[in-house]
file coords16.txt (compact mmCIF, C-alpha atoms and all ligand atoms)
# COMPACT_ATOMS: atom_id res chain seq x y z
CA MET G 13 -105.81 39.50 -65.43
CA ALA G 14 -109.40 40.62 -65.89
CA ARG G 15 -110.50 41.32 -69.44
CA HIS G 16 -109.21 44.54 -71.00
CA VAL G 17 -111.45 47.55 -70.81
CA THR G 18 -113.11 48.61 -74.05
CA GLY G 19 -112.15 51.62 -76.12
CA LEU G 20 -115.62 53.02 -75.49
CA GLU G 21 -115.11 52.83 -71.73
CA ILE G 22 -111.74 54.52 -72.02
CA SER G 23 -113.24 57.27 -74.15
CA ARG G 24 -116.00 57.85 -71.60
CA TYR G 25 -113.55 57.80 -68.71
CA ALA G 26 -111.26 60.31 -70.40
CA ASP G 27 -114.28 62.57 -70.85
CA GLY G 28 -115.26 62.16 -67.20
CA GLU G 29 -118.48 60.46 -68.31
CA LEU G 30 -118.16 56.96 -66.92
CA ALA G 31 -120.35 55.97 -63.97
CA PRO G 32 -118.39 55.80 -60.68
CA GLU G 33 -118.69 52.00 -60.26
CA LEU G 34 -117.40 51.46 -63.78
CA ALA G 35 -114.67 54.07 -63.30
CA GLU G 36 -113.43 52.18 -60.23
CA ARG G 37 -113.37 48.92 -62.12
CA LEU G 38 -111.47 50.55 -64.94
CA GLU G 39 -108.92 52.01 -62.51
CA ALA G 40 -108.40 48.62 -60.90
CA HIS G 41 -107.62 47.23 -64.32
CA LEU G 42 -105.31 50.09 -65.24
CA THR G 43 -103.16 49.43 -62.19
CA ALA G 44 -102.22 46.09 -63.69
CA CYS G 45 -102.43 46.78 -67.41
CA ALA G 46 -99.92 49.06 -69.10
CA SER G 47 -101.55 48.66 -72.48
CA CYS G 48 -104.96 49.98 -71.38
CA ARG G 49 -103.23 52.73 -69.42
CA ALA G 50 -101.36 53.79 -72.55
CA GLN G 51 -104.68 53.88 -74.37
CA LEU G 52 -106.13 56.15 -71.73
CA HIS G 53 -103.14 58.48 -71.98
CA SER G 54 -103.52 58.61 -75.71
CA ALA G 55 -107.25 59.36 -75.34
CA LEU G 56 -106.46 62.21 -72.93
CA LEU G 57 -103.90 63.65 -75.34
CA LEU G 58 -106.27 63.50 -78.27
CA GLY G 59 -108.88 65.35 -76.23
CA GLU G 60 -106.28 67.95 -75.33
CA ASP G 61 -105.24 68.36 -78.95
CA LEU G 62 -108.85 68.91 -79.91
CA ARG G 63 -109.35 71.50 -77.18
CA THR G 64 -106.22 73.31 -78.30
CA HIS G 65 -107.36 73.14 -81.88
CA PHE G 66 -110.77 74.59 -81.19
CA ALA G 67 -109.48 77.16 -78.73
CA ALA G 68 -106.54 78.46 -80.72
CA ALA G 69 -108.47 80.60 -83.15
CA ALA G 70 -109.17 77.45 -85.04
CA PRO G 71 -108.90 77.48 -88.77
CA ASP G 72 -112.16 76.25 -90.18
CA VAL G 73 -111.74 72.69 -91.32
CA SER G 74 -114.22 72.73 -94.15
CA LEU G 75 -113.66 76.15 -95.62
CA GLY G 76 -109.94 76.62 -95.62
CA ARG G 77 -108.06 79.09 -93.56
CA ALA G 78 -109.71 81.65 -91.41
CA ARG G 79 -108.35 83.30 -88.33
CA SER G 80 -110.24 84.60 -85.42
CA ILE G 81 -109.21 87.01 -82.81
CA GLN G 82 -110.96 87.65 -79.61
CA ARG G 83 -110.16 89.12 -76.33
CA PRO G 84 -112.43 89.29 -73.32
CA VAL G 85 -111.73 92.46 -71.47
CA ARG G 86 -112.91 94.24 -68.41
CA TYR G 87 -114.99 97.04 -69.76
CA ALA G 88 -112.47 99.62 -68.72
CA ALA G 89 -110.05 98.02 -71.16
CA ALA G 90 -112.49 97.74 -74.04
CA ALA G 91 -110.75 100.53 -75.89
CA ALA G 92 -107.56 98.53 -75.91
CA ALA G 93 -109.42 95.68 -77.57
CA ALA G 94 -110.68 98.02 -80.25
CA VAL G 95 -107.15 99.13 -80.96
CA PHE G 96 -105.95 95.59 -81.06
CA LEU G 97 -108.64 94.62 -83.51
CA GLY G 98 -107.50 97.32 -85.85
CA ILE G 99 -110.63 99.37 -85.50
CA ALA G 100 -108.59 102.43 -84.66
CA THR G 101 -106.93 102.26 -88.04
CA PHE G 102 -110.33 102.35 -89.70
CA PRO G 103 -111.80 105.52 -88.31
CA ARG G 104 -114.94 105.29 -90.44
CA LEU G 105 -116.01 102.48 -88.17
CA THR G 106 -117.53 103.14 -84.82
CA SER G 107 -118.46 100.74 -82.14
CA ASP G 108 -122.16 100.04 -81.71
CA VAL G 109 -121.76 98.69 -78.25
CA GLN G 110 -123.49 100.87 -75.73
CA VAL G 111 -122.29 100.28 -72.24
CA PRO G 112 -123.38 102.62 -69.49
CA VAL G 113 -120.58 104.20 -67.56
CA GLY G 114 -120.12 102.64 -64.15
CA GLN G 115 -120.99 99.05 -65.08
CA PRO G 116 -120.00 96.59 -62.38
CA ALA G 117 -116.56 95.15 -62.94
CA SER G 118 -117.95 91.70 -63.58
CA VAL G 119 -119.38 92.87 -66.88
CA THR G 120 -117.13 91.83 -69.72
CA ALA G 121 -117.00 93.43 -73.12
CA PHE G 122 -115.90 91.24 -75.94
CA ALA G 123 -114.99 91.77 -79.55
CA ILE G 124 -114.50 88.75 -81.72
CA GLY G 125 -112.98 89.19 -85.14
CA VAL G 126 -113.61 86.45 -87.67
CA GLN G 127 -111.46 86.79 -90.72
CA VAL G 128 -112.76 86.11 -94.17
CA GLY G 129 -110.79 83.15 -95.41
CA THR G 130 -109.02 82.39 -98.63
CA MET G 131 -112.27 81.30 -100.24
CA HIS G 132 -114.12 84.45 -99.25
CA LYS G 133 -116.02 82.56 -96.63
CA LEU G 134 -116.55 82.81 -92.94
CA PRO G 135 -115.82 79.68 -90.94
CA THR G 136 -118.82 77.71 -89.70
CA LEU G 137 -117.57 77.56 -86.15
CA ILE G 138 -114.84 79.23 -84.20
CA THR G 139 -114.11 79.14 -80.51
CA VAL G 140 -111.84 81.43 -78.60
CA HIS G 141 -111.55 81.87 -74.89
CA GLY G 142 -114.84 80.21 -74.13
CA TYR G 143 -116.77 82.19 -76.71
CA VAL G 144 -118.22 80.20 -79.56
CA VAL G 145 -119.26 81.85 -82.79
CA GLU G 146 -121.39 79.81 -85.13
CA ARG G 147 -122.36 80.87 -88.61
CA GLY G 148 -126.03 80.48 -89.40
CA LYS G 149 -128.04 81.25 -92.51
CA ARG G 150 -128.64 84.91 -91.76
CA GLY G 151 -126.24 85.78 -89.02
CA LEU G 152 -123.86 84.66 -86.35
CA THR G 153 -124.67 83.15 -82.98
CA VAL G 154 -122.36 83.92 -80.09
CA ARG G 155 -122.38 81.71 -77.02
CA ASN G 156 -120.54 81.76 -73.77
CA GLY G 157 -121.54 79.35 -71.04
CA GLY G 158 -125.30 79.62 -70.74
CA GLY G 159 -125.54 82.97 -72.53
CA ARG G 160 -126.26 83.21 -76.20
CA THR G 161 -127.22 85.85 -78.66
CA ARG G 162 -127.77 86.02 -82.38
CA VAL G 163 -126.74 88.90 -84.54
CA ASP G 164 -127.98 89.24 -88.09
CA LEU G 165 -125.56 90.04 -90.86
CA PRO G 166 -126.47 93.18 -92.81
CA ALA G 167 -129.04 92.59 -95.56
CA GLY G 168 -127.39 91.47 -98.75
CA PHE G 169 -124.18 90.68 -96.94
CA SER G 170 -121.80 88.54 -98.91
CA THR G 171 -118.23 87.79 -97.96
CA ALA G 172 -117.33 87.88 -101.66
CA GLN G 173 -117.74 91.67 -101.49
CA TYR G 174 -114.76 91.86 -99.19
CA PRO G 175 -111.12 91.16 -99.90
CA VAL G 176 -109.46 88.27 -98.16
CA GLY G 177 -108.22 89.49 -94.82
CA SER G 178 -111.37 91.46 -94.08
CA ALA G 179 -112.87 90.71 -90.75
CA VAL G 180 -116.34 90.56 -89.39
CA VAL G 181 -116.24 91.79 -85.82
CA VAL G 182 -118.93 90.88 -83.33
CA HIS G 183 -119.16 93.18 -80.33
CA GLY G 184 -121.06 92.45 -77.21
CA VAL G 185 -121.18 92.53 -73.49
CA ARG G 186 -121.43 89.55 -71.22
CA GLN G 187 -123.26 90.46 -68.04
CA ALA G 188 -122.66 89.26 -64.53
CA ASP G 189 -125.55 86.78 -64.79
CA GLY G 190 -123.96 85.17 -67.84
CA SER G 191 -126.33 86.60 -70.43
CA ILE G 192 -124.92 88.24 -73.54
CA VAL G 193 -126.39 91.48 -74.76
CA ALA G 194 -125.91 94.36 -77.16
CA ALA G 195 -124.16 92.34 -79.78
CA SER G 196 -123.56 93.98 -83.13
CA ILE G 197 -121.60 93.25 -86.26
CA GLN G 198 -119.10 95.34 -88.15
CA THR G 199 -117.05 94.60 -91.17
CA ILE G 200 -113.53 95.92 -91.46
CA GLN G 201 -111.35 95.77 -94.53
CA PRO G 202 -107.61 95.67 -94.69
CA MET F 11 -113.55 68.67 -32.34
CA VAL F 12 -111.75 66.81 -35.10
CA GLN F 13 -113.40 63.71 -33.71
CA ASP F 14 -116.80 65.27 -34.42
CA LEU F 15 -115.88 66.23 -37.94
CA ALA F 16 -114.85 62.68 -38.74
CA ASN F 17 -118.44 61.57 -38.26
CA LEU F 18 -119.82 64.00 -40.79
CA SER F 19 -120.84 63.00 -44.29
CA ASP F 20 -118.88 64.14 -47.35
CA ARG F 21 -121.66 66.52 -48.17
CA GLU F 22 -121.53 68.19 -44.76
CA LEU F 23 -117.75 68.37 -44.81
CA VAL F 24 -117.74 69.90 -48.27
CA SER F 25 -120.25 72.47 -47.19
CA ARG F 26 -118.06 73.38 -44.20
CA ALA F 27 -114.93 73.46 -46.33
CA GLN F 28 -116.75 75.85 -48.63
CA ARG F 29 -117.26 78.14 -45.68
CA GLU F 30 -113.48 78.13 -45.35
CA ASP F 31 -113.29 75.59 -42.57
CA ALA F 32 -109.83 74.21 -43.33
CA SER F 33 -110.12 71.40 -40.80
CA ALA F 34 -113.19 70.08 -42.64
CA PHE F 35 -111.12 69.92 -45.81
CA GLY F 36 -108.42 68.16 -43.79
CA VAL F 37 -110.88 65.45 -42.78
CA LEU F 38 -111.87 64.94 -46.40
CA ALA F 39 -108.21 64.70 -47.38
CA GLU F 40 -107.63 62.10 -44.69
CA ARG F 41 -110.70 60.15 -45.74
CA TYR F 42 -109.70 59.96 -49.40
CA GLN F 43 -105.93 60.13 -49.31
CA LEU F 44 -105.36 56.45 -49.95
CA GLN F 45 -108.13 56.11 -52.47
CA LEU F 46 -106.77 59.05 -54.43
CA LEU F 47 -103.24 57.69 -54.31
CA ARG F 48 -104.50 54.34 -55.64
CA LEU F 49 -106.28 56.20 -58.41
CA CYS F 50 -103.15 58.18 -59.27
CA THR F 51 -101.11 54.99 -59.28
CA ALA F 52 -103.55 53.45 -61.72
CA LEU F 53 -103.26 56.51 -63.93
CA THR F 54 -99.49 56.82 -63.94
CA SER F 55 -97.96 53.46 -62.87
CA ASP F 56 -94.91 55.27 -61.50
CA PRO F 57 -95.05 55.71 -57.70
CA GLU F 58 -93.24 59.03 -57.79
CA ALA F 59 -95.44 60.43 -60.53
CA ALA F 60 -98.47 59.12 -58.64
CA GLN F 61 -97.44 61.00 -55.49
CA GLU F 62 -96.91 64.16 -57.45
CA LEU F 63 -100.23 63.85 -59.24
CA ALA F 64 -102.03 63.24 -55.94
CA GLN F 65 -100.41 66.31 -54.45
CA THR F 66 -101.32 68.65 -57.27
CA THR F 67 -104.82 67.19 -57.25
CA TRP F 68 -105.26 68.03 -53.57
CA ALA F 69 -103.88 71.50 -54.10
CA ARG F 70 -106.23 72.11 -57.00
CA ALA F 71 -109.18 70.64 -55.05
CA PHE F 72 -108.48 72.96 -52.15
CA GLU F 73 -108.53 75.97 -54.47
CA ALA F 74 -111.66 74.86 -56.28
CA ILE F 75 -113.79 73.38 -53.49
CA GLY F 76 -116.06 76.42 -53.66
CA HIS F 77 -117.23 75.33 -57.11
CA LEU F 78 -118.33 71.84 -56.09
CA ARG F 79 -122.11 71.73 -56.15
CA GLU F 80 -122.89 68.17 -55.11
CA GLY F 81 -120.82 67.52 -52.02
CA GLU F 82 -121.83 63.87 -51.95
CA ARG F 83 -119.96 63.41 -55.22
CA PHE F 84 -116.69 64.57 -53.68
CA PHE F 85 -114.56 61.66 -54.82
CA GLY F 86 -115.95 61.69 -58.36
CA TRP F 87 -115.06 65.35 -58.50
CA LEU F 88 -111.58 64.62 -57.16
CA ARG F 89 -111.14 61.92 -59.79
CA GLN F 90 -111.95 64.40 -62.53
CA ILE F 91 -109.41 66.86 -61.16
CA ALA F 92 -106.76 64.14 -61.12
CA VAL F 93 -107.51 63.15 -64.71
CA ASN F 94 -107.43 66.78 -65.81
CA GLN F 95 -104.14 67.37 -64.01
CA LEU F 96 -102.67 64.32 -65.71
CA ARG F 97 -103.83 65.59 -69.07
CA ASP F 98 -102.44 69.05 -68.40
CA GLY F 99 -99.14 67.45 -67.45
CA PHE F 100 -98.91 65.76 -70.85
CA LYS F 101 -99.75 68.98 -72.54
CA ARG F 102 -97.05 70.90 -70.71
CA ARG F 103 -94.45 68.29 -71.37
CA ARG F 104 -95.15 67.79 -75.03
CA LEU F 105 -96.39 71.07 -76.34
CA PRO F 106 -95.70 74.14 -74.31
CA GLN F 107 -98.55 76.61 -74.43
CA VAL F 108 -98.57 80.34 -74.75
CA SER F 109 -101.25 82.46 -73.27
CA PHE F 110 -103.79 83.82 -75.69
CA ASP F 111 -102.49 87.35 -75.28
CA GLU F 112 -98.99 86.31 -76.19
CA ALA F 113 -100.30 84.46 -79.19
CA LEU F 114 -101.86 87.64 -80.47
CA HIS F 115 -98.56 89.06 -81.57
CA ASP F 116 -97.80 87.89 -85.02
CA GLY F 117 -94.50 86.24 -85.70
CA PRO F 118 -92.81 83.24 -84.16
CA ASP F 119 -93.96 81.98 -80.79
CA GLU F 120 -90.91 82.92 -78.84
CA ALA F 121 -92.22 81.59 -75.55
CA LEU F 122 -92.16 78.11 -77.00
CA GLY F 123 -88.79 78.31 -78.62
CA PRO F 124 -88.59 77.52 -82.30
CA GLU F 125 -88.93 73.79 -81.76
CA GLY F 126 -91.95 73.87 -79.49
CA SER F 127 -93.63 76.30 -81.78
CA LEU F 128 -92.99 74.14 -84.79
CA LEU F 129 -94.16 71.00 -83.02
CA ARG F 130 -97.32 72.68 -81.92
CA GLN F 131 -98.03 74.08 -85.34
CA GLU F 132 -97.36 70.75 -86.99
CA ARG F 133 -99.61 68.89 -84.61
CA GLN F 134 -102.37 71.44 -85.00
CA ALA F 135 -102.02 71.33 -88.77
CA GLU F 136 -102.34 67.53 -88.64
CA ILE F 137 -105.42 67.75 -86.45
CA SER F 138 -106.91 70.34 -88.74
CA GLN F 139 -106.30 68.21 -91.80
CA ALA F 140 -107.62 65.07 -90.12
CA LEU F 141 -110.79 66.87 -89.01
CA GLY F 142 -111.32 67.85 -92.61
CA MET F 143 -111.53 64.18 -93.52
CA LEU F 144 -114.38 63.51 -91.09
CA SER F 145 -118.10 63.80 -91.73
CA GLU F 146 -119.97 66.93 -90.70
CA HIS F 147 -121.68 64.85 -88.00
CA ASP F 148 -118.39 63.69 -86.48
CA ARG F 149 -117.01 67.21 -86.51
CA ARG F 150 -120.13 68.55 -84.87
CA MET F 151 -119.91 65.96 -82.11
CA LEU F 152 -116.26 66.80 -81.47
CA ALA F 153 -116.96 70.53 -81.49
CA LEU F 154 -119.83 70.20 -79.04
CA ARG F 155 -117.65 68.27 -76.66
CA TYR F 156 -114.24 69.87 -77.07
CA ALA F 157 -115.05 73.37 -78.27
CA GLN F 158 -118.19 74.05 -76.31
CA ASP F 159 -117.36 71.78 -73.41
CA CYS F 160 -120.83 70.25 -73.39
CA SER F 161 -121.51 67.25 -71.17
CA TYR F 162 -122.85 64.05 -72.76
CA ARG F 163 -126.23 64.93 -71.32
CA GLU F 164 -126.21 68.38 -72.90
CA ILE F 165 -125.15 66.92 -76.24
CA ALA F 166 -127.89 64.29 -75.98
CA LEU F 167 -130.46 67.04 -75.41
CA GLU F 168 -129.13 69.06 -78.31
CA MET F 169 -129.07 66.09 -80.67
CA GLY F 170 -132.33 64.57 -79.43
CA THR F 171 -130.79 61.26 -78.41
CA THR F 172 -129.54 59.36 -75.35
CA GLU F 173 -126.30 59.77 -73.45
CA GLY F 174 -125.33 56.23 -74.41
CA THR F 175 -125.66 57.07 -78.09
CA VAL F 176 -123.64 60.24 -77.59
CA ALA F 177 -120.88 58.19 -75.95
CA THR F 178 -120.81 55.85 -78.93
CA TRP F 179 -120.89 58.66 -81.50
CA LEU F 180 -118.08 60.49 -79.78
CA TYR F 181 -116.02 57.35 -79.43
CA ARG F 182 -116.43 56.60 -83.12
CA ALA F 183 -115.66 60.17 -84.13
CA LYS F 184 -112.44 60.03 -82.10
CA GLU F 185 -111.51 56.67 -83.61
CA ARG F 186 -112.06 58.00 -87.11
CA LEU F 187 -110.01 61.07 -86.24
CA ARG F 188 -107.21 58.84 -85.01
CA LYS F 189 -107.28 56.87 -88.26
CA ALA F 190 -107.27 60.05 -90.29
CA LEU F 191 -104.27 61.27 -88.29
CA GLU F 192 -102.41 58.07 -89.03
CA GLN F 193 -103.25 58.28 -92.72
CA GLY F 194 -102.11 61.89 -92.84
CA LYS F 195 -98.78 60.89 -91.32
CA GLY F 196 -98.43 58.08 -93.83
CA ARG F 197 -98.88 60.44 -96.74
CA GLN F 198 -96.32 62.91 -95.51
CA VAL F 199 -93.54 60.35 -95.25
ZN ZN P 301 -105.91 46.05 -70.33

call {"tool": "encode", "arguments": {"input": "coords16.txt", "output": "structure tokens"}}
result
Amino acid sequence: MARHVTGLEISRYADGELAPELAERLEAHLTACASCRAQLHSALLLGEDLRTHFAAAAPDVSLGRARSIQRPVRYAAAAAAAVFLGIATFPRLTSDVQVPVGQPASVTAFAIGVQVGTMHKLPTLITVHGYVVERGKRGLTVRNGGGRTRVDLPAGFSTAQYPVGSAVVVHGVRQADGSIVAASIQTIQP
Amino acid sequence: MVQDLANLSDRELVSRAQREDASAFGVLAERYQLQLLRLCTALTSDPEAAQELAQTTWARAFEAIGHLREGERFFGWLRQIAVNQLRDGFKRRRLPQVSFDEALHDGPDEALGPEGSLLRQERQAEISQALGMLSEHDRRMLALRYAQDCSYREIALEMGTTEGTVATWLYRAKERLRKALEQGKGRQV
């Protein structure tokens, strides 16, 4: 039997990043080698576990528990998202998102709630439903596909001011061309 | 008619299939049927599973052909679908998933049944713990790839390095994650 394929090749193949000639050679080897095939399966599973981890309102690994909630909605259903996020139970809060009536249906409103964790911190990175929220020095960056936007946290903002369970909610609209606009930040307390 | 189609390149056939010419897709299927079956056999080893994987791959390809940009890379694209289908198959078998909306309701994940829910939570807790044992750099690499779905090329651009280096970094990050997972298991016993 030809030499086993390397772990690096298997990792690249599982990620769909191995050149076609090399991929074919690897496949030829897999047909005859159960051990390398098992390694590929295990690589695929690990990748899947990681995707699930990052997608499932991932708890932040360095800062303890934090939950995120997010729900992309057709704009017509944006109100439902607000209710879900608990905004309705905090009437002093109003949405800053301005969306003209009659937006095309391909425009998506989103509201991502990032909960303050047990250590009064926001996670550094959460991903839900294709939206990625990254914590920077002064604010949060929201990305989705090619679109990205940065929203500043209010001056003097400190998560320590808020009880655990508070959430920072980022609102925005993703337009048909993929760009993200009109993002704003609110803080809600339990 | 079909005779004519058989002389066309992959690129031309893909472009016709994208204009909803089903016979063009049929020619592609004929052209790559065996090659795909060989690929699925390599991936699964079991002839029955290979057949099934090939079938779902064709079905998925038919649905998604509109998204294929480089028609000349048809088989590479097909390969990726097959690998993804295989991966999804594992996922379904081992850890049933709930849709995000269902997951929003607090309380037990009824769709999974108590066992599936527990399994999933345990596995995710293990992953979470293992990630915590990695360096910031390793975690960033894994997040770029598996959270943001960046290609190696995109990661290379972001990190100011080459695709080859990205491949190595990611491989090492995954290896370290695997080790951390094993250690975590050891401690729990
Ligand atoms: Zn081998």

call {"tool": "residues_near_ligand", "arguments": {"input": "coords16.txt", "ligand": "ligand ZN 301 (chain P)", "cutoff": "9 Å", "atoms": "only C-alpha atoms and all ligand atoms", "output": "VMD selection string"}}
result
chain G and resid 13 to 18 38 41 to 42 44 to 49 51

call {"tool": "residues_around", "arguments": {"input": "coords16.txt", "residues": "region 37-40 of chain F", "least_positions_apart": "6", "cutoff": "8 Å", "atoms": "all atoms listed in the file", "output": "VMD selection string"}}
result
chain F and resid 12 15 to 16 20 23 to 24 68

call {"tool": "closest_residue", "arguments": {"input": "coords16.txt", "among": "F:Asp56, F:Glu80, F:Glu62, F:Glu168", "to": "chain G", "atoms": "only C-alpha atoms"}}
result
F:Asp56

call {"tool": "residues_around", "arguments": {"input": "coords16.txt", "residues": "region 51-54 of chain F", "least_positions_apart": "5", "cutoff": "12 Å", "atoms": "all atoms listed in the file", "output": "number ranges by chain"}}
result
G: 22, 25-26, 35-54, 56; F: 44-46, 59-64, 89-90, 92-97, 99-100

call {"tool": "closest_atom_pairs", "arguments": {"input": "coords16.txt", "of": "chain F", "to": "chain G", "cutoff": "7 Å", "atoms": "only C-alpha atoms", "output": "CSV"}}
result
residue,atom,partner,partner_atom,distance
F:Leu49,CA,G:Glu39,CA,6.4
F:Thr51,CA,G:Thr43,CA,6.6
F:Ala52,CA,G:Thr43,CA,4.1
F:Leu53,CA,G:Arg49,CA,6.7
F:Ser55,CA,G:Thr43,CA,6.6
F:Gly86,CA,G:Pro32,CA,6.8
F:Gln90,CA,G:Gly28,CA,6.1
F:Arg97,CA,G:Leu56,CA,5.8
F:Gln134,CA,G:His65,CA,6.1
F:Ser138,CA,G:Val73,CA,6.0
F:Leu141,CA,G:Val73,CA,6.3
F:Gly142,CA,G:Val73,CA,5.0
F:Tyr156,CA,G:Arg63,CA,5.2
F:Ala157,CA,G:Phe66,CA,5.3
F:Gln158,CA,G:Val144,CA,7.0
F:Ala177,CA,G:Arg24,CA,6.5
F:Thr178,CA,G:Leu20,CA,6.8
F:Tyr181,CA,G:Leu20,CA,5.9

call {"tool": "closest_residue", "arguments": {"input": "coords16.txt", "among": "F:Glu192, F:Glu185, F:Asp148, F:Glu22", "to": "Glu82 (chain F)", "atoms": "all atoms listed in the file"}}
result
F:Glu22

call {"tool": "closest_residue", "arguments": {"input": "coords16.txt", "among": "F:Leu78, F:Ala190, F:Ile91, F:Ala69", "to": "Ser145 (chain F)", "atoms": "all atoms listed in the file"}}
result
F:Ala190

call {"tool": "residues_around", "arguments": {"input": "coords16.txt", "residues": "Leu191 (chain F)", "least_positions_apart": "5", "cutoff": "7 Å", "atoms": "all atoms listed in the file", "output": "list of chain:residue names"}}
result
F:Glu136, F:Ile137, F:Ala140

call {"tool": "closest_residue", "arguments": {"input": "coords16.txt", "among": "G:Ile124, G:Leu34, G:Val182, G:Leu152", "to": "Ile197 (chain G)", "atoms": "only C-alpha atoms"}}
result
G:Val182

call {"tool": "closest_residue", "arguments": {"input": "coords16.txt", "among": "G:Glu33, G:Glu146, G:Val193, G:Ile200", "to": "Gln173 (chain G)", "atoms": "all atoms listed in the file"}}
result
G:Ile200

call {"tool": "atom_distance", "arguments": {"input": "coords16.txt", "atom1": "CA of Leu144 (chain F)", "atom2": "CA of Ala183 (chain F)"}}
result
7.8 Å

call {"tool": "atom_distance", "arguments": {"input": "coords16.txt", "atom1": "CA of Glu173 (chain F)", "atom2": "CA of Arg147 (chain G)"}}
result
26.3 Å

call {"tool": "closest_residue", "arguments": {"input": "coords16.txt", "among": "F:Ala135, F:Arg188, F:Gly174, F:Leu180", "to": "His147 (chain F)", "atoms": "only C-alpha atoms"}}
result
F:Leu180

call {"tool": "atom_distance", "arguments": {"input": "coords16.txt", "atom1": "CA of Phe169 (chain G)", "atom2": "CA of Met151 (chain F)"}}
result
29.1 Å
